[in-house]
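So the structure is just underneath, and the comments pick up after that.
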Amino acid sequence: MDEEQKNKYMERYKHAKEAGVKFYPDVVFKDLLVIFAIFLLLVGLAIFIGVKAEPPADPSDSSYIPRPEWYFLFLFQMLKYFPGRLEWLGTAIIPVIAVLVLFLLPFLDRNPFRYWKKRVMAIIIMIIMVISIVILSIIAAVTTPPQIDGEIATTLSDQIAAGQDLFSLECVACHGPNGEGGEIEGVEGLEGKVIKSISSKDELYTREDQTLFNIIEYGQPDLGMIPFGKAFGGELSRGDIQAIVTFIRYTWDDRVELPAAAALSGAIPTLAPGQVPSYYINIQPIFKRYCISCHRDGKSNQNYTMGSYEEVMTFGDHAPNIKPGDLNSNMILMLHRQEIDAGGPMPPAKALPADLIAIIELWVQMGAPNTAEEAASLASPQEITPDLVITITPVP
């Protein structure tokens, strides 16, 4: 910069300084305006986009694909180029060098001009850094496998419902559908063992949620209960176990109030006068609560799984176990505690409540319809069995 340019610059600076800008209220007003705009942007993002719900962190879950937030994706991608013993280069040395370059840039580029075309060194360095960050971020976003999404319970009612499904699947065979315990039947290695109720005040009043969580995760091997947590060789994630604990606490502990939505979703639907039961609406919840714990893959059940309508109607070594319109079907006889070639009394430990058996009998008698639409197209029960009276009470 020659003397003439310097004098012109100082003259402009002098005029600008004389005119001045007041910090208050001019600068303060501008800052507040920008802060408020950013605040509105964040509120809009939270309302219309939100944060994706994910399960709680689980070190034992090897299927989880780690992926940082977008503003760290470039560092995440850079680590892929420095595997193993070279990792320290990508995590420490290169980022530190980049920060130092930015820190030293005002000392390296001492050009007095502010116009961007005259700041070649600074512009080139910043362009290289920005382009590198953008390219690495794009590569990371494209090449990282997507996280396998599962259904995440985001509300208390959803978590209770998820816990009920898991309890029915993993726990009913030993603890009973209502946690009542008793003598175990039909569970290999535990036949005849008597276990206490887990739904009593003695249990729930004296055990905190963390204690229940630990029991499910680690098991009680000396008492015959296997570990269910993935960290100890089981099938359940930490989120699954937490859902079961929430279900137990809110369903059987009378000191807490079960949300109405959870109570409604967990109840077995009752029959309205003249209604024909369907598998999807009325029968599936019964099977899910009382039967699916044993009648699923991996269990000794004569290959009779009950996870879907097709399985219920066609699977099993003695299929069909349900014959539409026939009250002498295998399932009906076993529900009435009879010993037949297809098996013995079902459920093995304790008879199904009489009102639920009546629903299943009516369903079979009416042709075992699958959907509510199919059931609605059939004649009313009174037209077929005028003397049959069914009293339905909600199952807790």
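By convention here, the chains of the structure tokens are called A, B, ... in the order presented, each chain's residues are numbered starting at 1, and ligands are numbered starting at 1 in the order presented.
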Distance query Ala53 of chain A at most 9 Å, only C-alpha atoms, self and fewer than 6 positions along chain excluded, as a list in words: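 Listing them by chain and then by number gives Ile152, Ala153 and Thr154 of chain A.
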How would the residues just picked look written out with C-alpha atoms as a PDB file, in the first residue's frame?
ATOM      1  CA  ILE A 152     -39.759 -46.912  19.084  1.00  0.00           C
ATOM      2  CA  ALA A 153     -42.208 -46.330  21.900  1.00  0.00           C
ATOM      3  CA  THR A 154     -42.227 -42.555  22.259  1.00  0.00           C
TER       4      THR A 154
END
What's the 12 Å shell around Leu136 of chain A, counting only C-alpha atoms, without same-chain residues fewer than 6 positions away, as a ChimeraX atom specification? /A:70-81,129-130,142-144
Choose the residue, out of A:Arg85, A:Thr251, A:Gly186, A:Gln220, that has the smallest atom-to-atom separation from Ser199 of chain A; count only C-alpha atoms. A:Thr251
Using only C-alpha atoms, can you tell me which of A:Thr246, A:Thr211, A:Thr305, A:Thr206 comes closest to Leu156 of chain A? A:Thr246
Could you pull out all residues of segment 36-209 of chain A with a DSSP call of alpha helix (DSSP H) and give them as number ranges by chain? A: 36-48, 73-79, 87-88, 94-108, 120-143, 156-170, 172-175, 201-204, 209
So that I can check the surroundings of segment 277-289 of chain A, please list as a PyMOL selection string every protein, DNA and RNA residue that reaches within 6 Å of it, counting only C-alpha atoms and ignoring chain neighbours fewer than 2 positions away. chain A and resi 168+268-269+291-292+363+369-372+375
Could the residues in this selection be saved with N, CA and C atoms as a PDB file, in the first residue's frame?
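Saved to out33.pdb:
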ATOM      1  N   SER A 168     -45.863 -61.000  27.154  1.00  0.00           N
ATOM      2  CA  SER A 168     -46.642 -62.132  26.662  1.00  0.00           C
ATOM      3  C   SER A 168     -45.766 -63.110  25.909  1.00  0.00           C
ATOM      4  N   ILE A 268     -58.560 -56.830  26.294  1.00  0.00           N
ATOM      5  CA  ILE A 268     -59.113 -57.712  25.271  1.00  0.00           C
ATOM      6  C   ILE A 268     -60.492 -57.193  24.908  1.00  0.00           C
ATOM      7  N   PRO A 269     -60.742 -56.860  23.638  1.00  0.00           N
ATOM      8  CA  PRO A 269     -62.019 -56.249  23.245  1.00  0.00           C
ATOM      9  C   PRO A 269     -63.214 -57.133  23.624  1.00  0.00           C
ATOM     10  N   CYS A 291     -51.151 -67.525  24.775  1.00  0.00           N
ATOM     11  CA  CYS A 291     -50.674 -68.679  24.010  1.00  0.00           C
ATOM     12  C   CYS A 291     -49.328 -68.486  23.318  1.00  0.00           C
ATOM     13  N   ILE A 292     -49.064 -67.263  22.838  1.00  0.00           N
ATOM     14  CA  ILE A 292     -47.916 -67.055  21.953  1.00  0.00           C
ATOM     15  C   ILE A 292     -46.594 -67.301  22.649  1.00  0.00           C
ATOM     16  N   TRP A 363     -66.474 -67.746  17.999  1.00  0.00           N
ATOM     17  CA  TRP A 363     -65.690 -67.450  16.786  1.00  0.00           C
ATOM     18  C   TRP A 363     -65.602 -68.681  15.886  1.00  0.00           C
ATOM     19  N   PRO A 369     -63.980 -66.285  11.261  1.00  0.00           N
ATOM     20  CA  PRO A 369     -63.620 -65.205  10.321  1.00  0.00           C
ATOM     21  C   PRO A 369     -62.321 -64.519  10.726  1.00  0.00           C
ATOM     22  N   ASN A 370     -61.580 -64.042   9.741  1.00  0.00           N
ATOM     23  CA  ASN A 370     -60.294 -63.398   9.991  1.00  0.00           C
ATOM     24  C   ASN A 370     -60.468 -61.927  10.351  1.00  0.00           C
ATOM     25  N   THR A 371     -61.085 -61.158   9.467  1.00  0.00           N
ATOM     26  CA  THR A 371     -61.197 -59.710   9.661  1.00  0.00           C
ATOM     27  C   THR A 371     -62.564 -59.335  10.201  1.00  0.00           C
ATOM     28  N   ALA A 372     -62.643 -58.093  10.684  1.00  0.00           N
ATOM     29  CA  ALA A 372     -63.915 -57.581  11.183  1.00  0.00           C
ATOM     30  C   ALA A 372     -64.945 -57.498  10.066  1.00  0.00           C
ATOM     31  N   ALA A 375     -66.401 -60.890   9.592  1.00  0.00           N
ATOM     32  CA  ALA A 375     -67.310 -61.210  10.701  1.00  0.00           C
ATOM     33  C   ALA A 375     -68.627 -60.464  10.564  1.00  0.00           C
TER      34      ALA A 375
END
For the structure I just gave you, how does DSSP split segment 109-306 of chain A - specifically, which residues are strand (DSSP E or B)? Reply as a list in words.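 DSSP-assigned strand (DSSP E or B) residues in segment 109-306 of chain A: Gly182, Glu183, Val194, Ile195, Gln220, Met225, Gly229 and Leu236 of chain A.
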Quick one: everything within 9 Å of Asp253 of chain A, counting only C-alpha atoms, minus sequence neighbours fewer than 3 positions away in the same chain. Send it as a PDB file with N, CA and C atoms, in the first residue's frame.
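Wrote out.pdb, looks like this:
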ATOM      1  N   SER A 199     -46.702 -60.036  40.593  1.00  0.00           N
ATOM      2  CA  SER A 199     -47.645 -58.916  40.507  1.00  0.00           C
ATOM      3  C   SER A 199     -48.220 -58.554  41.872  1.00  0.00           C
ATOM      4  N   SER A 200     -47.681 -59.129  42.932  1.00  0.00           N
ATOM      5  CA  SER A 200     -48.189 -58.870  44.277  1.00  0.00           C
ATOM      6  C   SER A 200     -47.562 -57.613  44.867  1.00  0.00           C
ATOM      7  N   LYS A 201     -48.180 -57.098  45.894  1.00  0.00           N
ATOM      8  CA  LYS A 201     -47.626 -55.933  46.586  1.00  0.00           C
ATOM      9  C   LYS A 201     -46.270 -56.262  47.199  1.00  0.00           C
ATOM     10  N   LEU A 204     -43.827 -55.774  44.249  1.00  0.00           N
ATOM     11  CA  LEU A 204     -43.750 -54.454  43.622  1.00  0.00           C
ATOM     12  C   LEU A 204     -43.443 -53.345  44.618  1.00  0.00           C
ATOM     13  N   TYR A 205     -43.869 -53.506  45.858  1.00  0.00           N
ATOM     14  CA  TYR A 205     -43.597 -52.468  46.856  1.00  0.00           C
ATOM     15  C   TYR A 205     -42.152 -52.495  47.330  1.00  0.00           C
ATOM     16  N   ILE A 248     -44.913 -53.855  33.838  1.00  0.00           N
ATOM     17  CA  ILE A 248     -45.146 -54.472  35.153  1.00  0.00           C
ATOM     18  C   ILE A 248     -45.531 -53.415  36.173  1.00  0.00           C
ATOM     19  N   ARG A 249     -44.796 -52.326  36.198  1.00  0.00           N
ATOM     20  CA  ARG A 249     -45.033 -51.299  37.215  1.00  0.00           C
ATOM     21  C   ARG A 249     -46.412 -50.654  37.054  1.00  0.00           C
ATOM     22  N   TYR A 250     -46.751 -50.280  35.824  1.00  0.00           N
ATOM     23  CA  TYR A 250     -47.994 -49.538  35.629  1.00  0.00           C
ATOM     24  C   TYR A 250     -49.226 -50.442  35.585  1.00  0.00           C
ATOM     25  N   VAL A 256     -49.432 -46.555  41.246  1.00  0.00           N
ATOM     26  CA  VAL A 256     -49.326 -45.729  40.040  1.00  0.00           C
ATOM     27  C   VAL A 256     -50.584 -45.920  39.211  1.00  0.00           C
ATOM     28  N   GLU A 257     -50.899 -44.915  38.431  1.00  0.00           N
ATOM     29  CA  GLU A 257     -52.130 -44.943  37.629  1.00  0.00           C
ATOM     30  C   GLU A 257     -51.814 -45.328  36.192  1.00  0.00           C
TER      31      GLU A 257
END
